[in-house]
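Q: The file below is final_8.pdb, PDB, C-alpha atoms:
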ATOM      1  CA  ARG A  29     -47.366 -36.341 -54.956
ATOM      2  CA  ALA A  30     -49.788 -39.287 -54.576
ATOM      3  CA  PHE A  31     -48.767 -39.678 -50.938
ATOM      4  CA  GLU A  32     -49.268 -35.967 -50.228
ATOM      5  CA  LEU A  33     -52.725 -36.065 -51.795
ATOM      6  CA  LEU A  34     -53.646 -39.061 -49.639
ATOM      7  CA  LYS A  35     -52.362 -37.325 -46.494
ATOM      8  CA  SER A  36     -54.518 -34.294 -47.295
ATOM      9  CA  ASP A  37     -57.599 -36.535 -47.734
ATOM     10  CA  ASP A  38     -57.813 -35.862 -51.473
ATOM     11  CA  TYR A  39     -58.648 -39.491 -52.170
ATOM     12  CA  SER A  40     -59.728 -38.974 -55.774
ATOM     13  CA  GLY A  41     -56.530 -37.116 -56.601
ATOM     14  CA  ALA A  42     -54.388 -39.695 -54.791
ATOM     15  CA  LEU A  43     -56.086 -42.519 -56.677
ATOM     16  CA  ARG A  44     -55.644 -40.836 -60.063
ATOM     17  CA  CYS A  45     -51.982 -40.166 -59.299
ATOM     18  CA  ALA A  46     -51.302 -43.723 -58.032
ATOM     19  CA  VAL A  47     -53.006 -45.326 -61.045
ATOM     20  CA  ALA A  48     -51.039 -43.085 -63.418
ATOM     21  CA  ILE A  49     -47.785 -44.112 -61.729
ATOM     22  CA  LEU A  50     -48.752 -47.800 -61.951
ATOM     23  CA  LYS A  51     -49.555 -47.457 -65.666
ATOM     24  CA  ARG A  52     -46.308 -45.636 -66.325
ATOM     25  CA  SER A  53     -43.939 -47.611 -64.077
ATOM     26  CA  GLY A  54     -45.504 -51.078 -63.808
ATOM     27  CA  PRO A  55     -46.114 -53.216 -60.711
ATOM     28  CA  ASP A  56     -45.336 -51.529 -57.415
ATOM     29  CA  ALA A  57     -46.634 -52.759 -54.045
ATOM     30  CA  ALA A  58     -46.401 -49.330 -52.377
ATOM     31  CA  MET A  59     -48.460 -47.651 -55.123
ATOM     32  CA  ARG A  60     -51.009 -50.473 -54.925
ATOM     33  CA  VAL A  61     -51.353 -49.854 -51.187
ATOM     34  CA  LEU A  62     -51.706 -46.134 -51.783
ATOM     35  CA  ALA A  63     -54.412 -46.803 -54.393
ATOM     36  CA  ALA A  64     -56.115 -49.184 -51.942
ATOM     37  CA  GLU A  65     -56.113 -46.576 -49.175
ATOM     38  CA  ALA A  66     -57.478 -43.955 -51.560
ATOM     39  CA  CYS A  67     -60.278 -46.312 -52.628
ATOM     40  CA  ARG A  68     -61.017 -47.086 -49.004
ATOM     41  CA  GLY A  69     -61.243 -43.352 -48.277
ATOM     42  CA  LEU A  70     -63.740 -43.050 -51.141
ATOM     43  CA  GLY A  71     -65.797 -45.938 -49.769
ATOM     44  CA  ARG A  72     -64.965 -48.113 -52.788
ATOM     45  CA  TYR A  73     -64.128 -51.181 -50.747
ATOM     46  CA  ASP A  74     -64.334 -53.636 -53.650
ATOM     47  CA  ARG A  75     -61.627 -51.732 -55.551
ATOM     48  CA  ALA A  76     -59.597 -51.271 -52.363
ATOM     49  CA  ALA A  77     -59.658 -55.028 -51.696
ATOM     50  CA  GLU A  78     -58.519 -55.641 -55.272
ATOM     51  CA  HIS A  79     -55.592 -53.239 -54.903
ATOM     52  CA  PHE A  80     -54.612 -54.892 -51.599
ATOM     53  CA  SER A  81     -54.745 -58.283 -53.360
ATOM     54  CA  ARG A  82     -52.461 -56.989 -56.119
ATOM     55  CA  ALA A  83     -50.064 -55.591 -53.504
ATOM     56  CA  LEU A  84     -50.058 -58.986 -51.758
ATOM     57  CA  GLU A  85     -49.064 -60.653 -55.024
ATOM     58  CA  LEU A  86     -45.995 -58.420 -55.027
ATOM     59  CA  ASP A  87     -45.337 -58.593 -51.287
ATOM     60  CA  PRO A  88     -46.929 -61.852 -50.030
ATOM     61  CA  GLY A  89     -47.880 -62.409 -46.420
ATOM     62  CA  LYS A  90     -47.344 -58.848 -45.256
ATOM     63  CA  PRO A  91     -49.597 -58.421 -42.189
ATOM     64  CA  GLU A  92     -50.699 -54.840 -42.835
ATOM     65  CA  LEU A  93     -51.772 -55.703 -46.385
ATOM     66  CA  LEU A  94     -53.757 -58.731 -45.217
ATOM     67  CA  PHE A  95     -55.331 -56.620 -42.491
ATOM     68  CA  GLY A  96     -56.272 -53.852 -44.926
ATOM     69  CA  ARG A  97     -57.853 -56.321 -47.332
ATOM     70  CA  ALA A  98     -59.673 -58.059 -44.470
ATOM     71  CA  LEU A  99     -61.192 -54.749 -43.313
ATOM     72  CA  CYS A 100     -62.361 -54.026 -46.854
ATOM     73  CA  ARG A 101     -63.916 -57.473 -47.082
ATOM     74  CA  TRP A 102     -65.640 -56.836 -43.739
ATOM     75  CA  LYS A 103     -67.126 -53.623 -45.151
ATOM     76  CA  LEU A 104     -68.326 -55.612 -48.189
ATOM     77  CA  SER A 105     -70.010 -58.165 -45.869
ATOM     78  CA  SER A 106     -67.661 -60.853 -47.207
ATOM     79  CA  TYR A 107     -67.215 -62.201 -43.708
ATOM     80  CA  ARG A 108     -65.868 -65.645 -44.658
ATOM     81  CA  GLU A 109     -63.109 -64.085 -46.777
ATOM     82  CA  ALA A 110     -62.396 -61.470 -44.109
ATOM     83  CA  LEU A 111     -62.098 -64.174 -41.454
ATOM     84  CA  SER A 112     -59.709 -66.100 -43.688
ATOM     85  CA  ASP A 113     -57.556 -62.978 -44.075
ATOM     86  CA  PHE A 114     -57.594 -62.325 -40.326
ATOM     87  CA  THR A 115     -56.507 -65.936 -39.722
ATOM     88  CA  LYS A 116     -53.609 -65.525 -42.171
ATOM     89  CA  ASP A 117     -52.854 -62.176 -40.564
ATOM     90  CA  ARG A 118     -52.560 -63.811 -37.129
ATOM     91  CA  LEU A 119     -50.046 -66.316 -38.561
ATOM     92  CA  ALA A 120     -48.110 -63.484 -40.230
ATOM     93  CA  GLY A 121     -47.574 -61.782 -36.869
ATOM     94  CA  ALA A 122     -50.168 -59.007 -36.883
ATOM     95  CA  ASP A 123     -51.401 -57.360 -33.676
ATOM     96  CA  PRO A 124     -53.169 -60.260 -31.916
ATOM     97  CA  ASP A 125     -55.694 -58.005 -30.131
ATOM     98  CA  ALA A 126     -56.860 -56.372 -33.350
ATOM     99  CA  VAL A 127     -57.011 -59.708 -35.159
ATOM    100  CA  GLU A 128     -59.005 -61.292 -32.313
ATOM    101  CA  TYR A 129     -61.455 -58.380 -32.229
ATOM    102  CA  TRP A 130     -62.234 -58.552 -35.946
ATOM    103  CA  SER A 131     -62.199 -62.357 -36.062
ATOM    104  CA  VAL A 132     -64.816 -62.526 -33.325
ATOM    105  CA  LEU A 133     -66.995 -60.010 -35.160
ATOM    106  CA  CYS A 134     -66.670 -62.054 -38.365
ATOM    107  CA  ARG A 135     -67.611 -65.247 -36.537
ATOM    108  CA  CYS A 136     -70.676 -63.448 -35.174
ATOM    109  CA  ARG A 137     -71.735 -62.304 -38.625
ATOM    110  CA  LEU A 138     -71.240 -65.867 -39.904
ATOM    111  CA  ASN A 139     -73.573 -67.143 -37.169
ATOM    112  CA  GLN A 140     -70.889 -69.340 -35.656
ATOM    113  CA  ASP A 141     -72.713 -69.902 -32.414
ATOM    114  CA  GLY A 142     -71.368 -71.650 -29.413
ATOM    115  CA  PRO A 143     -70.279 -71.016 -25.869
ATOM    116  CA  GLU A 144     -66.700 -70.209 -26.893
ATOM    117  CA  LEU A 145     -67.887 -67.408 -29.195
ATOM    118  CA  LEU A 146     -70.070 -65.995 -26.439
ATOM    119  CA  GLU A 147     -67.102 -66.129 -24.048
ATOM    120  CA  SER A 148     -64.870 -64.418 -26.630
ATOM    121  CA  ILE A 149     -67.344 -61.567 -27.055
ATOM    122  CA  GLN A 150     -67.703 -61.156 -23.294
ATOM    123  CA  GLU A 151     -63.926 -61.083 -22.856
ATOM    124  CA  LEU A 152     -63.567 -58.435 -25.574
ATOM    125  CA  LEU A 153     -66.319 -56.389 -23.934
ATOM    126  CA  ARG A 154     -64.447 -56.485 -20.636
ATOM    127  CA  LEU A 155     -61.441 -54.997 -22.446
ATOM    128  CA  ARG A 156     -63.473 -52.561 -24.578
ATOM    129  CA  PRO A 157     -66.713 -51.898 -22.687
ATOM    130  CA  ALA A 158     -68.096 -49.056 -24.802
ATOM    131  CA  VAL A 159     -67.747 -50.482 -28.334
ATOM    132  CA  PRO A 160     -71.170 -50.588 -30.043
ATOM    133  CA  GLU A 161     -70.164 -53.391 -32.435
ATOM    134  CA  LEU A 162     -69.289 -55.646 -29.499
ATOM    135  CA  MET A 163     -72.456 -54.769 -27.599
ATOM    136  CA  PHE A 164     -74.481 -55.608 -30.703
ATOM    137  CA  ALA A 165     -72.541 -58.849 -31.238
ATOM    138  CA  LEU A 166     -73.235 -59.961 -27.670
ATOM    139  CA  GLY A 167     -76.919 -59.103 -28.017
ATOM    140  CA  GLU A 168     -77.124 -61.025 -31.275
ATOM    141  CA  ALA A 169     -75.312 -64.061 -29.857
ATOM    142  CA  LEU A 170     -77.611 -64.080 -26.819
ATOM    143  CA  TYR A 171     -80.669 -63.737 -29.026
ATOM    144  CA  ARG A 172     -79.572 -66.661 -31.197
ATOM    145  CA  SER A 173     -78.979 -68.630 -27.984
ATOM    146  CA  GLU A 174     -82.670 -68.104 -27.227
ATOM    147  CA  ARG A 175     -82.023 -65.540 -24.491
ATOM    148  CA  PRO A 176     -84.010 -62.497 -25.704
ATOM    149  CA  ASP A 177     -84.400 -61.427 -22.075
ATOM    150  CA  LEU A 178     -80.632 -60.837 -21.835
ATOM    151  CA  ALA A 179     -80.196 -59.741 -25.444
ATOM    152  CA  ARG A 180     -82.630 -56.831 -25.232
ATOM    153  CA  GLY A 181     -80.446 -54.921 -22.758
ATOM    154  CA  TRP A 182     -77.440 -55.205 -25.066
ATOM    155  CA  PHE A 183     -79.462 -53.892 -28.000
ATOM    156  CA  ASP A 184     -80.593 -50.993 -25.789
ATOM    157  CA  ARG A 185     -76.948 -50.223 -24.941
ATOM    158  CA  THR A 186     -75.988 -50.468 -28.613
ATOM    159  CA  LEU A 187     -78.669 -47.955 -29.552
ATOM    160  CA  GLN A 188     -77.610 -45.593 -26.775
ATOM    161  CA  ALA A 189     -74.076 -45.620 -28.178
ATOM    162  CA  ASP A 190     -75.126 -45.650 -31.848
ATOM    163  CA  PRO A 191     -78.740 -44.523 -32.434
ATOM    164  CA  ASP A 192     -78.437 -45.249 -36.172
ATOM    165  CA  GLN A 193     -77.803 -48.982 -35.661
ATOM    166  CA  GLU A 194     -80.869 -50.259 -37.510
ATOM    167  CA  MET A 195     -80.260 -53.957 -36.865
ATOM    168  CA  ALA A 196     -80.138 -53.356 -33.097
ATOM    169  CA  ALA A 197     -83.484 -51.576 -33.324
ATOM    170  CA  LEU A 198     -85.014 -54.463 -35.262
ATOM    171  CA  TYR A 199     -83.617 -57.034 -32.835
ATOM    172  CA  ARG A 200     -85.022 -54.993 -29.967
ATOM    173  CA  ILE A 201     -88.490 -55.252 -31.520
ATOM    174  CA  SER A 202     -88.015 -58.987 -32.011
ATOM    175  CA  CYS A 203     -86.928 -59.396 -28.380
ATOM    176  CA  GLY A 204     -90.124 -57.731 -27.206
ATOM    177  CA  GLU A 205     -92.177 -60.020 -29.439
ATOM    178  CA  SER A 206     -90.302 -63.109 -28.232
ATOM    179  CA  LEU A 207     -90.905 -62.129 -24.622
ATOM    180  CA  ARG A 208     -94.554 -61.335 -25.353
ATOM    181  CA  ASP A 209     -93.918 -57.875 -23.949
ATOM    182  CA  LEU A 210     -96.542 -55.830 -25.801
ATOM    183  CA  GLU A 211     -95.633 -52.546 -24.126
ATOM    184  CA  GLY A 212     -91.900 -53.033 -24.752
ATOM    185  CA  THR A 213     -92.532 -54.074 -28.360
ATOM    186  CA  LEU A 214     -94.690 -51.010 -29.045
ATOM    187  CA  ARG A 215     -92.066 -48.758 -27.445
ATOM    188  CA  ALA A 216     -89.378 -50.385 -29.614
ATOM    189  CA  TYR A 217     -91.526 -49.869 -32.741
ATOM    190  CA  ASP A 218     -92.060 -46.220 -31.833
ATOM    191  CA  ASP A 219     -88.324 -45.728 -31.292
ATOM    192  CA  TYR A 220     -87.567 -47.432 -34.602
ATOM    193  CA  LEU A 221     -90.030 -45.331 -36.582
TER     194      LEU A 221
END
For this file, produce the structure as C-alpha coordinates.

A:
Amino acid sequence: RAFELLKSDDYSGALRCAVAILKRSGPDAAMRVLAAEACRGLGRYDRAAEHFSRALELDPGKPELLFGRALCRWKLSSYREALSDFTKDRLAGADPDAVEYWSVLCRCRLNQDGPELLESIQELLRLRPAVPELMFALGEALYRSERPDLARGWFDRTLQADPDQEMAALYRISCGESLRDLEGTLRAYDDYL
(Lines of atoms letter the chains of each structure in order from A and count residues from 1; the text may use other names and numbers.)
(Lines give C-alpha, C1' and ligand atoms only; values in the text may rest on other atoms or scores of the structure.)
Protein backbone atom coordinates (compact mmCIF):
# COMPACT_ATOMS: atom_id res chain seq x y z
CA ARG A 1 0.00 0.00 0.00
CA ALA A 2 2.81 2.44 0.91
CA PHE A 3 4.46 1.82 -2.46
CA GLU A 4 1.20 2.41 -4.35
CA LEU A 5 0.63 5.67 -2.49
CA LEU A 6 4.15 6.82 -3.38
CA LYS A 7 3.64 5.89 -7.05
CA SER A 8 0.44 7.95 -7.12
CA ASP A 9 2.29 10.96 -5.62
CA ASP A 10 0.37 10.77 -2.34
CA TYR A 11 3.51 11.51 -0.36
CA SER A 12 1.76 12.19 2.94
CA GLY A 13 -0.16 8.93 2.75
CA ALA A 14 2.96 6.99 1.72
CA LEU A 15 4.91 8.47 4.63
CA ARG A 16 2.19 7.66 7.17
CA CYS A 17 1.95 4.11 5.84
CA ALA A 18 5.74 3.56 5.81
CA VAL A 19 6.16 4.92 9.35
CA ALA A 20 3.31 2.71 10.59
CA ILE A 21 4.97 -0.34 9.04
CA LEU A 22 8.32 0.59 10.61
CA LYS A 23 6.70 0.98 14.04
CA ARG A 24 4.88 -2.31 13.70
CA SER A 25 7.59 -4.43 12.03
CA GLY A 26 10.88 -2.85 13.13
CA PRO A 27 13.93 -1.91 11.04
CA ASP A 28 13.50 -2.32 7.30
CA ALA A 29 15.76 -0.67 4.71
CA ALA A 30 13.11 -0.71 1.96
CA MET A 31 10.53 1.04 4.15
CA ARG A 32 13.15 3.59 5.20
CA VAL A 33 13.84 4.34 1.53
CA LEU A 34 10.13 4.64 0.85
CA ALA A 35 9.77 7.04 3.79
CA ALA A 36 12.78 8.99 2.50
CA GLU A 37 11.28 9.30 -0.98
CA ALA A 38 7.96 10.40 0.49
CA CYS A 39 9.71 13.07 2.58
CA ARG A 40 11.64 14.19 -0.46
CA GLY A 41 8.38 14.51 -2.40
CA LEU A 42 7.03 16.68 0.43
CA GLY A 43 10.14 18.86 0.35
CA ARG A 44 11.18 17.70 3.83
CA TYR A 45 14.79 17.08 2.90
CA ASP A 46 16.09 16.97 6.47
CA ARG A 47 13.75 14.07 7.31
CA ALA A 48 14.48 12.41 3.97
CA ALA A 49 18.23 12.53 4.64
CA GLU A 50 17.63 11.01 8.07
CA HIS A 51 15.60 8.14 6.60
CA PHE A 52 18.32 7.52 3.99
CA SER A 53 20.89 7.46 6.81
CA ARG A 54 18.82 4.89 8.70
CA ALA A 55 18.48 2.79 5.54
CA LEU A 56 22.27 2.97 5.07
CA GLU A 57 22.75 1.62 8.59
CA LEU A 58 20.76 -1.42 7.51
CA ASP A 59 22.22 -1.67 4.01
CA PRO A 60 25.66 0.04 4.12
CA GLY A 61 27.38 1.38 1.04
CA LYS A 62 24.45 0.98 -1.33
CA PRO A 63 25.02 3.55 -4.10
CA GLU A 64 21.40 4.59 -4.62
CA LEU A 65 20.96 5.27 -0.90
CA LEU A 66 24.13 7.36 -0.74
CA PHE A 67 23.02 9.23 -3.85
CA GLY A 68 19.56 9.90 -2.43
CA ARG A 69 21.00 11.21 0.83
CA ALA A 70 23.55 13.32 -1.06
CA LEU A 71 20.78 14.97 -3.12
CA CYS A 72 18.85 15.75 0.06
CA ARG A 73 21.96 17.26 1.62
CA TRP A 74 22.44 19.34 -1.55
CA LYS A 75 18.89 20.67 -1.18
CA LEU A 76 19.67 21.53 2.46
CA SER A 77 22.81 23.45 1.35
CA SER A 78 24.95 20.96 3.28
CA TYR A 79 27.43 20.89 0.43
CA ARG A 80 30.39 19.44 2.36
CA GLU A 81 28.30 16.47 3.52
CA ALA A 82 26.78 16.06 0.06
CA LEU A 83 30.23 16.05 -1.52
CA SER A 84 31.36 13.42 0.98
CA ASP A 85 28.38 11.25 0.04
CA PHE A 86 29.04 11.70 -3.68
CA THR A 87 32.68 10.68 -3.11
CA LYS A 88 31.56 7.53 -1.27
CA ASP A 89 28.99 6.96 -4.00
CA ARG A 90 31.71 7.04 -6.67
CA LEU A 91 33.66 4.38 -4.73
CA ALA A 92 30.50 2.28 -4.35
CA GLY A 93 30.07 2.12 -8.12
CA ALA A 94 27.36 4.70 -8.80
CA ASP A 95 26.87 6.28 -12.23
CA PRO A 96 30.13 8.22 -12.69
CA ASP A 97 28.53 10.93 -14.87
CA ALA A 98 25.86 11.74 -12.31
CA VAL A 99 28.37 11.69 -9.46
CA GLU A 100 30.76 13.98 -11.37
CA TYR A 101 27.97 16.43 -12.19
CA TRP A 102 26.83 16.80 -8.58
CA SER A 103 30.37 16.74 -7.17
CA VAL A 104 31.37 19.64 -9.40
CA LEU A 105 28.30 21.61 -8.33
CA CYS A 106 29.14 20.93 -4.66
CA ARG A 107 32.73 22.06 -5.18
CA CYS A 108 31.40 25.26 -6.75
CA ARG A 109 29.11 25.94 -3.81
CA LEU A 110 32.03 25.30 -1.45
CA ASN A 111 34.08 27.91 -3.32
CA GLN A 112 36.76 25.41 -4.26
CA ASP A 113 38.33 27.57 -6.90
CA GLY A 114 41.04 26.56 -9.24
CA PRO A 115 41.70 25.86 -12.88
CA GLU A 116 40.72 22.19 -12.57
CA LEU A 117 37.26 23.13 -11.26
CA LEU A 118 36.80 25.60 -14.09
CA GLU A 119 37.84 22.91 -16.59
CA SER A 120 35.43 20.42 -14.99
CA ILE A 121 32.52 22.84 -15.32
CA GLN A 122 33.41 23.61 -18.94
CA GLU A 123 33.62 19.90 -19.76
CA LEU A 124 30.22 19.25 -18.17
CA LEU A 125 28.76 22.17 -20.12
CA ARG A 126 30.04 20.67 -23.36
CA LEU A 127 28.13 17.49 -22.49
CA ARG A 128 25.05 19.28 -21.13
CA PRO A 129 24.96 22.71 -22.78
CA ALA A 130 21.52 23.86 -21.64
CA VAL A 131 21.66 23.13 -17.89
CA PRO A 132 21.06 26.34 -15.91
CA GLU A 133 22.91 25.07 -12.82
CA LEU A 134 26.06 24.52 -14.87
CA MET A 135 25.77 27.88 -16.62
CA PHE A 136 25.43 29.55 -13.23
CA ALA A 137 28.36 27.55 -11.81
CA LEU A 138 30.60 28.63 -14.69
CA GLY A 139 29.54 32.26 -14.28
CA GLU A 140 30.23 32.10 -10.56
CA ALA A 141 33.63 30.45 -11.03
CA LEU A 142 34.60 33.06 -13.62
CA TYR A 143 33.42 35.86 -11.36
CA ARG A 144 35.46 34.53 -8.44
CA SER A 145 38.43 34.28 -10.83
CA GLU A 146 38.06 38.04 -11.33
CA ARG A 147 36.61 37.70 -14.84
CA PRO A 148 33.27 39.55 -14.54
CA ASP A 149 33.49 40.33 -18.26
CA LEU A 150 33.15 36.62 -19.07
CA ALA A 151 30.91 35.79 -16.13
CA ARG A 152 28.16 38.24 -17.07
CA GLY A 153 27.29 36.35 -20.26
CA TRP A 154 26.87 33.10 -18.32
CA PHE A 155 24.57 34.80 -15.82
CA ASP A 156 22.56 36.17 -18.77
CA ARG A 157 22.25 32.64 -20.20
CA THR A 158 21.26 31.29 -16.79
CA LEU A 159 18.49 33.86 -16.50
CA GLN A 160 17.25 33.11 -20.01
CA ALA A 161 16.92 29.45 -19.05
CA ASP A 162 15.66 30.09 -15.51
CA PRO A 163 14.28 33.62 -14.98
CA ASP A 164 13.69 32.91 -11.27
CA GLN A 165 17.39 32.33 -10.53
CA GLU A 166 17.85 35.17 -8.05
CA MET A 167 21.57 34.63 -7.45
CA ALA A 168 22.30 34.92 -11.18
CA ALA A 169 20.43 38.22 -11.24
CA LEU A 170 22.42 39.53 -8.28
CA TYR A 171 25.72 38.39 -9.80
CA ARG A 172 24.73 40.11 -13.04
CA ILE A 173 24.32 43.39 -11.14
CA SER A 174 27.68 42.85 -9.45
CA CYS A 175 29.34 42.17 -12.81
CA GLY A 176 28.07 45.47 -14.15
CA GLU A 177 29.38 47.27 -11.07
CA SER A 178 32.76 45.53 -11.32
CA LEU A 179 33.05 46.52 -14.97
CA ARG A 180 31.93 50.07 -14.18
CA ASP A 181 29.18 49.60 -16.75
CA LEU A 182 26.54 52.01 -15.45
CA GLU A 183 24.06 51.30 -18.24
CA GLY A 184 24.43 47.52 -17.87
CA THR A 185 24.15 47.75 -14.08
CA LEU A 186 20.97 49.83 -14.27
CA ARG A 187 19.49 47.40 -16.81
CA ALA A 188 20.37 44.49 -14.50
CA TYR A 189 18.74 46.28 -11.54
CA ASP A 190 15.61 46.92 -13.58
CA ASP A 191 15.46 43.27 -14.64
CA TYR A 192 15.96 42.15 -11.04
CA LEU A 193 13.22 44.39 -9.66

Q: Quick one: apply the PyMOL selection byres ((chain A and resi 42-46) around 10) to the file and drop the selected residues here as a PDB file with C-alpha atoms, in the frame of the given file.

A:
ATOM      1  CA  ARG A  29     -47.366 -36.341 -54.956  1.00  0.00           C
ATOM      2  CA  ALA A  30     -49.788 -39.287 -54.576  1.00  0.00           C
ATOM      3  CA  PHE A  31     -48.767 -39.678 -50.938  1.00  0.00           C
ATOM      4  CA  GLU A  32     -49.268 -35.967 -50.228  1.00  0.00           C
ATOM      5  CA  LEU A  33     -52.725 -36.065 -51.795  1.00  0.00           C
ATOM      6  CA  LEU A  34     -53.646 -39.061 -49.639  1.00  0.00           C
ATOM      7  CA  LYS A  35     -52.362 -37.325 -46.494  1.00  0.00           C
ATOM      8  CA  SER A  36     -54.518 -34.294 -47.295  1.00  0.00           C
ATOM      9  CA  ASP A  37     -57.599 -36.535 -47.734  1.00  0.00           C
ATOM     10  CA  ASP A  38     -57.813 -35.862 -51.473  1.00  0.00           C
ATOM     11  CA  TYR A  39     -58.648 -39.491 -52.170  1.00  0.00           C
ATOM     12  CA  SER A  40     -59.728 -38.974 -55.774  1.00  0.00           C
ATOM     13  CA  GLY A  41     -56.530 -37.116 -56.601  1.00  0.00           C
ATOM     14  CA  VAL A  47     -53.006 -45.326 -61.045  1.00  0.00           C
ATOM     15  CA  ALA A  48     -51.039 -43.085 -63.418  1.00  0.00           C
ATOM     16  CA  ILE A  49     -47.785 -44.112 -61.729  1.00  0.00           C
ATOM     17  CA  LEU A  50     -48.752 -47.800 -61.951  1.00  0.00           C
ATOM     18  CA  LYS A  51     -49.555 -47.457 -65.666  1.00  0.00           C
ATOM     19  CA  ARG A  52     -46.308 -45.636 -66.325  1.00  0.00           C
ATOM     20  CA  ASP A  56     -45.336 -51.529 -57.415  1.00  0.00           C
ATOM     21  CA  ALA A  58     -46.401 -49.330 -52.377  1.00  0.00           C
ATOM     22  CA  MET A  59     -48.460 -47.651 -55.123  1.00  0.00           C
ATOM     23  CA  ARG A  60     -51.009 -50.473 -54.925  1.00  0.00           C
ATOM     24  CA  VAL A  61     -51.353 -49.854 -51.187  1.00  0.00           C
ATOM     25  CA  LEU A  62     -51.706 -46.134 -51.783  1.00  0.00           C
ATOM     26  CA  ALA A  63     -54.412 -46.803 -54.393  1.00  0.00           C
ATOM     27  CA  ALA A  64     -56.115 -49.184 -51.942  1.00  0.00           C
ATOM     28  CA  GLU A  65     -56.113 -46.576 -49.175  1.00  0.00           C
ATOM     29  CA  ALA A  66     -57.478 -43.955 -51.560  1.00  0.00           C
ATOM     30  CA  CYS A  67     -60.278 -46.312 -52.628  1.00  0.00           C
ATOM     31  CA  GLY A  69     -61.243 -43.352 -48.277  1.00  0.00           C
ATOM     32  CA  LEU A  70     -63.740 -43.050 -51.141  1.00  0.00           C
TER      33      LEU A  70
END

Q: Here's the selection I'm unsure about, the PyMOL selection byres ((chain A and resi 137) around 10); applied to the file above, which residues does it give, as an MDAnalysis selection string?

A: chainID A and resid 102 105:108 131:136 138:141 165 168:169

Q: Using only C-alpha atoms, determine which residues lie at most 8 Å from A:Arg180, disregarding the query and same-chain residues fewer than 2 positions distant; provide the list as a list in words.

A: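 Near A:Arg180, the qualifying residues are Gly167, Pro176, Asp177, Leu178, Trp182, Phe183, Asp184, Tyr199, Arg200, Cys203 and Gly204 of chain A.
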
Q: Grab the residues selected above and save them as a PDB file, keeping the file's coordinate frame with C-alpha atoms.

A:
ATOM      1  CA  GLY A 167     -76.919 -59.103 -28.017  1.00  0.00           C
ATOM      2  CA  PRO A 176     -84.010 -62.497 -25.704  1.00  0.00           C
ATOM      3  CA  ASP A 177     -84.400 -61.427 -22.075  1.00  0.00           C
ATOM      4  CA  LEU A 178     -80.632 -60.837 -21.835  1.00  0.00           C
ATOM      5  CA  TRP A 182     -77.440 -55.205 -25.066  1.00  0.00           C
ATOM      6  CA  PHE A 183     -79.462 -53.892 -28.000  1.00  0.00           C
ATOM      7  CA  ASP A 184     -80.593 -50.993 -25.789  1.00  0.00           C
ATOM      8  CA  TYR A 199     -83.617 -57.034 -32.835  1.00  0.00           C
ATOM      9  CA  ARG A 200     -85.022 -54.993 -29.967  1.00  0.00           C
ATOM     10  CA  CYS A 203     -86.928 -59.396 -28.380  1.00  0.00           C
ATOM     11  CA  GLY A 204     -90.124 -57.731 -27.206  1.00  0.00           C
TER      12      GLY A 204
END

Q: Quick check on the file I pasted: which residues fall under the PyMOL selection byres ((chain A and resi 94-97) around 9)? Write them as an MDAnalysis selection string.

A: chainID A and resid 61 64:65 73 76:81 84 88:93 98:102 110 113:114 116:117 120 122 127

Q: Extract, using all atoms listed in the file, all DNA, RNA and protein residues at most 10 Å from A:Ala189, discarding same-chain residues fewer than 2 positions from it, and format them as an MDAnalysis selection string.

A: chainID A and resid 158:161 163 183:187 191:193

Q: Figure out the distance between atom CA of A:Glu194 and atom CA of A:Arg75, please, to one decimal in Å.

A: 26.4 Å

Q: Grab the atom CA of A:Phe164 to atom CA of A:Ala179 distance for me, in Å with one decimal place.

A: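 Result for atom CA of A:Phe164 versus atom CA of A:Ala179: 8.8 Å, one decimal.
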
Q: One decimal, Å: what's the distance from atom CA of A:Glu174 over to atom CA of A:Glu151, could you say?

A: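 Atom CA of A:Glu151 lies 20.5 Å from atom CA of A:Glu174.
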